[in-house]
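File shown: protein.cif (mmCIF, C-alpha atoms).
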data_entry
#
loop_
_atom_site.label_atom_id
_atom_site.label_comp_id
_atom_site.auth_asym_id
_atom_site.auth_seq_id
_atom_site.Cartn_x
_atom_site.Cartn_y
_atom_site.Cartn_z
CA MET L 1123 26.64 6.21 -18.62
CA GLU L 1124 30.05 4.95 -19.72
CA PHE L 1125 29.77 1.82 -17.59
CA MET L 1126 26.54 1.02 -19.42
CA ALA L 1127 28.31 1.17 -22.77
CA GLN L 1128 30.98 -1.16 -21.38
CA ALA L 1129 28.40 -3.52 -19.93
CA ASN L 1130 26.57 -3.50 -23.24
CA LYS L 1131 29.73 -4.52 -25.06
CA LYS L 1132 30.52 -7.29 -22.60
CA PHE L 1133 27.07 -8.72 -21.88
CA GLY L 1134 24.76 -7.35 -24.55
CA ILE L 1135 21.69 -5.17 -24.36
CA ARG L 1136 19.44 -8.03 -23.21
CA ALA L 1137 21.50 -8.69 -20.11
CA LEU L 1138 21.30 -5.00 -19.23
CA LEU L 1139 17.53 -4.98 -19.76
CA LEU L 1140 17.15 -8.12 -17.65
CA GLN L 1141 19.15 -6.60 -14.81
CA GLY L 1142 17.08 -3.44 -15.08
CA LEU L 1143 13.89 -5.46 -14.97
CA THR L 1144 15.00 -7.37 -11.87
CA PHE L 1145 15.67 -4.11 -10.08
CA LEU L 1146 12.46 -2.45 -11.31
CA ASN L 1147 10.41 -5.47 -10.27
CA VAL L 1148 11.27 -4.78 -6.65
CA LEU L 1149 9.71 -1.34 -6.95
CA THR L 1150 6.78 -2.28 -9.16
CA SER L 1151 5.70 -5.30 -7.14
CA ALA L 1152 5.76 -3.25 -3.93
CA PHE L 1153 3.69 -0.51 -5.55
CA MET L 1154 1.25 -2.95 -7.15
CA ILE L 1155 0.68 -4.82 -3.90
CA TRP L 1156 -0.10 -1.51 -2.21
CA LYS L 1157 -2.40 -0.46 -5.05
CA GLY L 1158 -4.13 -3.84 -5.08
CA LEU L 1159 -4.78 -3.57 -1.34
CA SER L 1160 -5.97 -0.02 -1.84
CA LEU L 1161 -8.48 -1.05 -4.51
CA PHE L 1162 -9.67 -4.05 -2.47
CA THR L 1163 -10.37 -1.90 0.59
CA ASN L 1164 -11.57 1.07 -1.51
CA SER L 1165 -9.24 3.18 0.62
CA GLU L 1166 -6.62 5.63 -0.67
CA SER L 1167 -4.39 4.62 2.24
CA PRO L 1168 -5.21 1.22 3.72
CA VAL L 1169 -2.42 1.42 6.31
CA VAL L 1170 -1.94 4.52 8.48
CA VAL L 1171 0.04 5.55 11.57
CA VAL L 1172 -1.66 7.15 14.57
CA LEU L 1173 -0.09 10.57 15.08
CA SER L 1174 -1.87 11.90 18.16
CA GLY L 1175 -3.12 10.66 21.49
CA SER L 1176 -6.72 11.71 20.87
CA MET L 1177 -7.98 8.10 20.73
CA GLU L 1178 -6.35 6.82 23.91
CA PRO L 1179 -6.74 4.33 25.53
CA ALA L 1180 -7.83 2.52 22.36
CA TYR L 1181 -5.03 3.73 20.07
CA TYR L 1182 -1.77 5.39 20.97
CA ARG L 1183 0.66 7.53 19.01
CA GLY L 1184 2.77 5.20 16.90
CA ASP L 1185 0.20 2.44 16.42
CA ILE L 1186 -0.34 1.14 12.90
CA LEU L 1187 -3.97 0.85 11.79
CA PHE L 1188 -5.36 -1.36 9.02
CA LEU L 1189 -8.31 0.21 7.26
CA HIS L 1190 -11.13 -1.08 5.15
CA ASN L 1191 -13.46 1.42 3.56
CA GLY L 1192 -15.73 -0.53 1.24
CA TYR L 1193 -18.97 1.09 0.10
CA SER L 1194 -21.47 0.44 2.92
CA PRO L 1195 -22.84 3.21 5.20
CA VAL L 1196 -20.95 4.06 8.37
CA ASP L 1197 -22.43 3.29 11.82
CA ILE L 1198 -22.25 5.12 15.12
CA GLY L 1199 -19.40 3.83 17.24
CA GLU L 1200 -17.14 2.89 14.35
CA VAL L 1201 -13.64 4.29 14.50
CA VAL L 1202 -12.93 5.96 11.17
CA VAL L 1203 -10.10 7.78 9.46
CA TYR L 1204 -11.16 10.87 7.54
CA LYS L 1205 -9.57 13.72 5.67
CA LEU L 1206 -10.92 17.26 5.62
CA LYS L 1207 -10.96 19.12 2.32
CA ASP L 1208 -7.64 20.89 1.70
CA LYS L 1209 -6.07 19.43 4.82
CA PRO L 1210 -3.41 16.81 4.12
CA ILE L 1211 -3.33 15.05 7.52
CA PRO L 1212 -5.92 12.29 8.10
CA ILE L 1213 -7.65 12.10 11.49
CA VAL L 1214 -8.57 8.95 13.42
CA HIS L 1215 -11.71 9.43 15.55
CA ARG L 1216 -14.96 7.72 16.48
CA VAL L 1217 -18.36 8.38 14.86
CA LEU L 1218 -20.72 10.02 17.33
CA LYS L 1219 -23.78 10.95 15.28
CA VAL L 1220 -25.12 9.98 11.88
CA HIS L 1221 -27.76 11.78 9.81
CA THR L 1222 -29.03 10.02 6.69
CA GLU L 1223 -30.84 12.04 4.04
CA ALA L 1224 -34.09 10.19 3.27
CA GLU L 1225 -34.22 10.61 -0.54
CA THR L 1226 -30.55 10.25 -1.46
CA GLY L 1227 -29.23 8.10 1.36
CA LYS L 1228 -26.36 10.56 1.77
CA GLN L 1229 -24.74 10.39 5.18
CA TYR L 1230 -23.66 13.31 7.39
CA LEU L 1231 -21.37 12.34 10.26
CA LEU L 1232 -20.12 13.88 13.47
CA THR L 1233 -16.90 12.54 14.96
CA LYS L 1234 -15.00 12.89 18.24
CA GLY L 1235 -11.73 11.59 19.62
CA ASP L 1236 -12.26 9.31 22.64
CA ASN L 1237 -9.62 11.22 24.57
CA ASN L 1238 -10.86 14.70 23.59
CA ASN L 1239 -13.30 16.77 25.61
CA ALA L 1240 -15.10 18.28 22.65
CA ASP L 1241 -16.38 16.84 19.38
CA ASP L 1242 -14.58 17.53 16.11
CA ARG L 1243 -16.57 20.58 15.06
CA GLY L 1244 -13.59 22.59 16.28
CA LEU L 1245 -11.40 20.71 13.81
CA TYR L 1246 -13.68 20.87 10.79
CA ASN L 1247 -13.33 23.66 8.25
CA PRO L 1248 -14.92 27.03 9.20
CA GLY L 1249 -18.71 26.74 8.93
CA GLN L 1250 -18.60 22.97 8.51
CA LEU L 1251 -20.74 21.08 11.01
CA TRP L 1252 -20.63 17.59 9.51
CA ILE L 1253 -18.34 15.42 7.45
CA SER L 1254 -19.73 13.23 4.68
CA ARG L 1255 -19.25 9.55 3.85
CA GLU L 1256 -16.96 10.58 0.98
CA ASP L 1257 -14.50 12.17 3.44
CA ILE L 1258 -13.95 8.80 5.12
CA ILE L 1259 -10.91 6.96 3.82
CA GLY L 1260 -11.54 3.86 5.92
CA ARG L 1261 -12.78 2.23 9.10
CA VAL L 1262 -10.30 0.67 11.50
CA LYS L 1263 -10.32 -3.13 11.18
CA GLY L 1264 -7.09 -4.07 12.92
CA PHE L 1265 -3.98 -2.57 14.52
CA VAL L 1266 -0.40 -3.27 15.54
CA PRO L 1267 0.80 -1.28 18.56
CA TYR L 1268 4.07 0.72 18.41
CA ALA L 1269 4.94 -0.57 14.94
CA GLY L 1270 4.66 2.91 13.46
CA MET L 1271 7.06 4.68 15.81
CA GLY L 1272 9.79 4.50 13.16
CA THR L 1273 7.66 6.57 10.77
CA ILE L 1274 7.01 9.14 13.48
CA TRP L 1275 10.68 9.45 14.38
CA MET L 1276 11.62 9.86 10.75
CA ASN L 1277 9.08 12.64 10.34
CA ASP L 1278 10.19 14.41 13.50
CA TYR L 1279 13.89 14.05 12.72
CA PRO L 1280 14.47 14.36 8.95
CA GLN L 1281 18.18 13.55 9.45
CA LEU L 1282 17.10 10.02 10.42
CA LYS L 1283 15.27 9.60 7.11
CA MET L 1284 18.28 10.83 5.14
CA GLY L 1285 20.60 8.65 7.19
CA LEU L 1286 18.48 5.56 6.56
CA LEU L 1287 18.22 6.24 2.82
CA GLY L 1288 21.97 6.83 2.62
CA THR L 1289 22.74 3.59 4.46
CA LEU L 1290 20.42 1.60 2.18
CA CYS L 1291 22.08 3.03 -0.93
CA VAL L 1292 25.57 2.21 0.31
CA LEU L 1293 24.52 -1.32 1.29
CA SER L 1294 22.95 -1.97 -2.10
CA LEU L 1295 26.24 -1.09 -3.79
CA PHE L 1296 28.08 -3.71 -1.75
CA GLY L 1297 25.38 -6.32 -2.22
CA ASN L 1298 26.25 -6.83 -5.88
CA GLU L 1299 29.87 -7.82 -5.28
CA MET C 1461 46.74 -33.44 -11.30
CA VAL C 1462 46.82 -29.81 -12.17
CA LYS C 1463 47.43 -29.10 -15.82
CA PRO C 1464 47.61 -25.40 -16.59
CA SER C 1465 45.65 -24.38 -19.64
CA SER C 1466 47.70 -23.10 -22.54
CA GLU C 1467 44.83 -21.12 -24.06
CA GLY C 1468 43.86 -17.58 -23.19
CA ALA C 1469 41.62 -16.53 -20.31
CA SER C 1470 40.67 -19.77 -18.52
CA LYS C 1471 37.72 -19.83 -16.20
CA MET C 1472 38.28 -20.32 -12.48
CA VAL C 1473 35.43 -21.31 -10.23
CA ASN C 1474 34.83 -22.14 -6.61
CA THR C 1475 34.48 -25.91 -6.75
CA SER C 1476 32.28 -26.05 -3.68
CA SER C 1477 29.64 -23.82 -5.21
CA ILE C 1478 27.21 -25.86 -7.31
CA SER C 1479 25.80 -22.73 -8.92
CA GLU C 1480 29.24 -21.59 -10.09
CA LEU C 1481 30.02 -25.05 -11.47
CA LYS C 1482 26.72 -25.13 -13.35
CA ALA C 1483 27.24 -21.60 -14.66
CA ALA C 1484 30.69 -22.49 -15.97
CA CYS C 1485 29.38 -25.58 -17.77
CA ASP C 1486 26.44 -23.65 -19.21
CA THR C 1487 28.80 -20.97 -20.52
CA GLY C 1488 31.11 -23.68 -21.86
CA LEU C 1489 28.25 -25.23 -23.81
CA LYS C 1490 27.20 -21.85 -25.17
CA GLU C 1491 30.68 -21.05 -26.41
CA PHE C 1492 31.10 -24.51 -27.87
CA LEU C 1493 27.95 -24.16 -29.95
CA LYS C 1494 28.57 -20.54 -30.88
CA ALA C 1495 32.00 -21.49 -32.20
CA ARG C 1496 30.38 -24.08 -34.43
CA GLY C 1497 28.07 -21.70 -36.21
CA TYR C 1498 25.06 -21.60 -33.89
CA GLU C 1499 23.58 -18.16 -33.46
CA GLU C 1500 21.67 -17.55 -30.25
CA MET C 1501 17.88 -17.27 -30.41
CA HIS C 1502 16.60 -14.99 -27.71
CA THR C 1503 12.92 -15.88 -27.83
CA HIS C 1504 12.62 -16.97 -24.18
CA THR C 1505 14.37 -13.86 -22.92
CA ASP C 1506 12.41 -11.57 -25.22
CA VAL C 1507 9.05 -12.93 -24.09
CA LYS C 1508 9.93 -12.33 -20.46
CA LEU C 1509 11.37 -8.90 -21.15
CA ILE C 1510 8.31 -7.76 -23.07
CA LEU C 1511 5.89 -9.05 -20.44
CA GLY C 1512 7.97 -7.53 -17.67
CA TYR C 1513 8.30 -4.09 -19.21
CA ILE C 1514 4.62 -3.88 -20.12
CA GLY C 1515 3.96 -4.29 -16.41
CA VAL C 1516 6.57 -1.67 -15.57
CA VAL C 1517 5.13 0.87 -18.02
CA PHE C 1518 1.59 0.54 -16.68
CA CYS C 1519 2.93 0.73 -13.14
CA ALA C 1520 4.80 3.95 -13.94
CA ILE C 1521 1.78 5.58 -15.60
CA ASP C 1522 -0.49 4.58 -12.72
CA PHE C 1523 2.01 5.90 -10.20
CA ALA C 1524 2.20 9.27 -11.92
CA TYR C 1525 -1.57 9.51 -12.45
CA SER C 1526 -2.52 8.63 -8.90
CA TRP C 1527 0.18 10.91 -7.51
CA LYS C 1528 -1.27 13.91 -9.30
CA TYR C 1529 -5.00 13.29 -8.99
CA PRO C 1530 -7.21 12.09 -6.10
CA PHE C 1531 -7.91 8.43 -5.44
CA GLU C 1532 -11.56 8.41 -6.51
CA GLN C 1533 -10.67 10.00 -9.83
CA THR C 1534 -7.86 7.59 -10.73
CA LYS C 1535 -9.41 4.38 -9.42
CA TRP C 1536 -10.61 3.20 -12.82
CA PHE C 1537 -7.10 3.30 -14.27
CA SER C 1538 -5.63 1.60 -11.21
CA TYR C 1539 -7.99 -1.33 -11.71
CA ILE C 1540 -6.75 -1.66 -15.28
CA SER C 1541 -3.06 -1.40 -14.44
CA VAL C 1542 -3.20 -3.75 -11.46
CA GLY C 1543 -5.06 -6.21 -13.68
CA ILE C 1544 -2.52 -5.95 -16.49
CA TYR C 1545 0.38 -6.22 -14.06
CA ALA C 1546 -1.09 -9.34 -12.47
CA VAL C 1547 -1.75 -10.96 -15.87
CA THR C 1548 1.70 -10.20 -17.32
CA SER C 1549 3.44 -11.37 -14.16
CA LEU C 1550 1.45 -14.58 -14.14
CA LEU C 1551 2.09 -15.20 -17.84
CA ALA C 1552 5.83 -14.62 -17.35
CA LEU C 1553 5.88 -17.06 -14.44
CA VAL C 1554 3.93 -19.71 -16.34
CA TYR C 1555 6.17 -19.24 -19.40
CA SER C 1556 9.25 -19.67 -17.27
CA TYR C 1557 8.04 -22.85 -15.60
CA VAL C 1558 6.14 -24.51 -18.43
CA VAL C 1559 7.79 -23.40 -21.68
CA GLN C 1560 11.35 -22.48 -20.81
CA ARG C 1561 12.04 -24.82 -17.85
CA ASP C 1562 15.74 -25.74 -17.73
CA THR C 1563 16.62 -24.26 -21.11
CA PHE C 1564 19.51 -21.83 -20.98
CA PHE C 1565 20.53 -21.68 -24.63
CA VAL C 1566 18.70 -21.95 -27.92
CA GLY C 1567 20.79 -21.68 -31.07
CA TYR C 1568 20.03 -21.98 -34.76
CA ASN C 1569 22.39 -23.13 -37.45
CA LYS C 1570 21.29 -21.56 -40.68
CA ALA C 1571 23.61 -23.58 -42.82
CA LYS C 1572 22.44 -26.91 -41.52
CA GLY C 1573 18.84 -25.80 -41.04
CA HIS C 1574 18.18 -26.86 -37.48
CA VAL C 1575 17.81 -25.46 -33.99
CA VAL C 1576 19.48 -26.89 -30.93
CA SER C 1577 17.99 -26.30 -27.50
CA ALA C 1578 20.11 -26.88 -24.39
CA GLY C 1579 18.82 -27.29 -20.87
CA SER C 1580 20.72 -28.23 -17.74
CA ARG C 1581 20.06 -29.40 -14.23
CA THR C 1582 22.24 -30.24 -11.27
CA GLU C 1583 21.97 -32.98 -8.65
CA PRO C 1584 23.44 -31.25 -5.62
CA ASP C 1585 23.99 -34.30 -3.40
CA LYS C 1586 25.79 -36.21 -6.13
CA LYS C 1587 27.49 -33.14 -7.66
CA THR C 1588 26.49 -34.10 -11.19
CA TYR C 1589 25.57 -32.01 -14.21
CA LYS C 1590 22.83 -33.22 -16.48
CA LEU C 1591 22.76 -31.59 -19.90
CA THR C 1592 19.76 -32.22 -22.15
CA LEU C 1593 19.99 -31.36 -25.83
CA THR C 1594 17.09 -31.38 -28.25
CA THR C 1595 16.92 -30.42 -31.87
CA ARG C 1596 14.26 -29.46 -34.34
CA PRO C 1597 14.32 -28.23 -37.93
CA ILE C 1598 14.06 -24.48 -38.52
CA ARG C 1599 10.45 -23.68 -39.27
CA GLY C 1600 9.51 -22.94 -42.82
CA ARG C 1601 12.51 -24.48 -44.47
CA GLN C 1602 12.07 -26.04 -47.89
CA ASP C 1603 13.87 -29.28 -47.21
CA PRO C 1604 14.00 -29.92 -43.48
CA PRO C 1605 16.84 -32.16 -42.26
CA VAL C 1606 15.81 -35.40 -40.62
CA PHE C 1607 17.30 -36.12 -37.25
CA ASN C 1608 17.13 -38.30 -34.23
CA SER C 1609 14.28 -36.47 -32.59
CA LYS C 1610 14.77 -37.81 -29.08
CA PRO C 1611 16.51 -35.54 -26.56
CA MET C 1612 20.11 -36.50 -25.87
CA GLU C 1613 21.52 -36.40 -22.37
CA LEU C 1614 24.99 -35.91 -21.06
CA ARG C 1615 25.24 -36.70 -17.39
CA GLN C 1616 28.51 -36.58 -15.52
CA SER C 1617 30.01 -35.60 -12.25
CA PHE C 1618 31.42 -32.08 -12.24
CA GLU C 1619 34.82 -33.48 -11.27
CA THR C 1620 35.48 -34.73 -14.77
CA TRP C 1621 35.57 -31.20 -16.19
CA PHE C 1622 37.27 -29.20 -13.48
CA HIS C 1623 40.87 -29.22 -12.31
CA GLU C 1624 41.56 -29.40 -8.59
CA ASP C 1625 42.23 -25.69 -8.39
CA GLY C 1626 38.87 -24.91 -9.97
CA GLU C 1627 39.99 -24.33 -13.52
CA PHE C 1628 37.46 -25.34 -16.15
CA ALA C 1629 38.80 -27.95 -18.56
CA ALA C 1630 37.12 -26.61 -21.67
CA ASP C 1631 38.81 -29.09 -24.00
CA LYS C 1632 37.61 -32.16 -22.08
CA PHE C 1633 34.14 -30.65 -21.81
CA GLY C 1634 34.15 -29.94 -25.52
CA THR C 1635 35.02 -33.52 -26.39
CA ASP C 1636 32.18 -34.91 -24.28
CA VAL C 1637 29.70 -32.42 -25.68
CA ALA C 1638 30.80 -33.08 -29.25
CA SER C 1639 29.97 -36.79 -28.99
CA VAL C 1640 26.47 -36.02 -27.67
CA ILE C 1641 25.84 -33.49 -30.42
CA GLU C 1642 26.93 -36.01 -33.00
CA ALA C 1643 24.49 -38.56 -31.62
CA LEU C 1644 21.80 -35.91 -31.58
CA LEU C 1645 22.31 -34.90 -35.20
CA SER C 1646 22.75 -38.36 -36.64
CA LYS C 1647 20.17 -39.28 -39.23
CA LYS C 1648 17.11 -41.16 -38.05
CA ASP C 1649 17.29 -44.89 -38.51
CA GLU C 1650 14.80 -46.30 -40.96
#

Same coordinates, now as structure tokens:
Amino acid sequence: MEFMAQANKKFGIRALLLQGLTFLNVLTSAFMIWKGLSLFTNSESPVVVVLSGSMEPAYYRGDILFLHNGYSPVDIGEVVVYKLKDKPIPIVHRVLKVHTEAETGKQYLLTKGDNNNADDRGLYNPGQLWISREDIIGRVKGFVPYAGMGTIWMNDYPQLKMGLLGTLCVLSLFGNE
Amino acid sequence: MVKPSSEGASKMVNTSSISELKAACDTGLKEFLKARGYEEMHTHTDVKLILGYIGVVFCAIDFAYSWKYPFEQTKWFSYISVGIYAVTSLLALVYSYVVQRDTFFVGYNKAKGHVVSAGSRTEPDKKTYKLTLTTRPIRGRQDPPVFNSKPMELRQSFETWFHEDGEFAADKFGTDVASVIEALLSKKDE
């Protein structure tokens, strides 16, 4: 904190605040762009990485998917990303069956990975036979192949993540010279 | 001809960098005016700081809220904070381009009752510095001074104020600036 007192003496509090704001704006604009996209698509995570091969040959491990959830009902054949209650990992599979409750319009969905032999009832929580529209975090609207491999490597090898973060920190120190 | 400055810390710049040359002249102008009793007015900076930090605060609250609670529950607040962030960012941008423009220093002279605003621009291909000075009376004063209300310009090639080795000739700069200020503050002709 001593360097801040020195900087304050030399440049004044406003210069410090301005520098702080410039740095913070990098973080806030990134977060706000993500949030804005999230609100526009009505999806808690509008960009996801495919983690398994259960949707081959359509999507492979490492592909990046762009999602749009919106509010309309889901159709059979749509590829969706859903999250089961109390399970943190989202799943990308195709909708096989749809039941719509007549009075409320509530949807019950059955999903299956293209590359799997069985439908997802084996994956759902014990006793659960259907997922609901509220479990869907988005339908796949676009994809970029392989672009997500970096994320997968960093999750499989935590040292890579630490190494990358460390390198970025060191580089940012030199950038200000 | 290199003439070493006899005063204290003299400023050395890279004469091929237009931004460094401009920065040195801007600082020179600031110090010139500050030495003659002009206190800096930070209105432009304050507006941008306030707008910026409002955005930051809402961003931080939204980040914390949506980290702790599910998306559907926090959506309403995210709409508000994204909206506020967009509005404050836009306002700051508009302020910077429309209100502040080239201004880098605004100073008020309490004794004489006026405010001087200084803006500068460079012409990179011709390596010139264009300084624009405007003045207005301090608001709310009993007996406002009457001045030449047109903006005064000082436009010269950077060469005239820098030695070959990149040292800033503050004295020469000061003389040129002083004559423009005098013209600026001269009483209006009838």

**OP:** Find, counting all atoms listed in the file, the residue in C:Ala1578, C:Leu1614, C:Val1640, C:Leu1550 that gets nearest to Leu1593 in chain C.
**Re:**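 Using all atoms listed in the file, Leu1593 in chain C sits closest to C:Ala1578.
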
**OP:** Hey, list the chain C side of the contact with chain L: 8 Å cut-off, all atoms listed in the file, answer as a PyMOL selection string.
**Re:** chain C and resi 1505+1509+1512-1513+1516+1519+1531+1535+1538-1539+1542+1545

Subject >> Within 8 Å of range 1268-1279 of chain L using only C-alpha atoms, minus same-chain residues under 6 positions, as a VMD selection string >> reply: chain L and resid 1171 to 1173 1182 to 1186

**OP:** Quote the spacing between CA of Val1170 in chain L and CA of Asp1257 in chain L in Å to one decimal place.
**Re:** 15.5 Å

**OP:** Could you tell me which residues the PyMOL selection byres ((chain C and resi 1560-1565) around 12) returns for this structure, as a ChimeraX atom specification?
**Re:** /C:1482-1483,1485-1494,1498-1508,1552-1559,1566-1568,1575-1582,1590-1595

Subject >> Nearest candidate to Ile1598 in chain C (options C:Ala1571, C:Val1473, C:Ala1630, C:Met1612; using only C-alpha atoms) >> reply: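 Distance minimum relative to Ile1598 in chain C lands on C:Ala1571.
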
Original post:
So what do you get for CA of Trp1621 in chain C versus CA of Ser1476 in chain C, distance-wise?
Top reply: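 Taking CA of Trp1621 in chain C as the start and CA of Ser1476 in chain C as the end point, the length is 13.9 Å.
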
Subject >> Long-range neighbours of Gly1260 in chain L as a list in words, 8 Å cut-off, all atoms listed in the file, 3 positions minimum in chain >> reply: Thr1163, Asn1164, Ser1165, Pro1168, Leu1189, His1190, Asn1191, Gly1192, Val1202, Val1203 and Tyr1204 of chain L

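Between CA of Ser1646 in chain C and CA of Ser1609 in chain C the interatomic distance comes to 9.6 Å.
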
Six-sided padding of 6 Å per side, axis-aligned box over range 1151-1156 of chain L, centre and edges in Å, one decimal, as lines of an AutoDock Vina configuration file:
center_x = 2.8
center_y = -2.9
center_z = -4.7
size_x = 17.9
size_y = 16.8
size_z = 16.9

Original post:
Any idea what's packed within 8 Å of Val1217 in chain L, counting all atoms listed in the file, ignoring anything in its chain fewer than 3 positions away? Could you give it as a VMD selection string?
Top reply: chain L and resid 1197 to 1202 1220 1231 to 1234
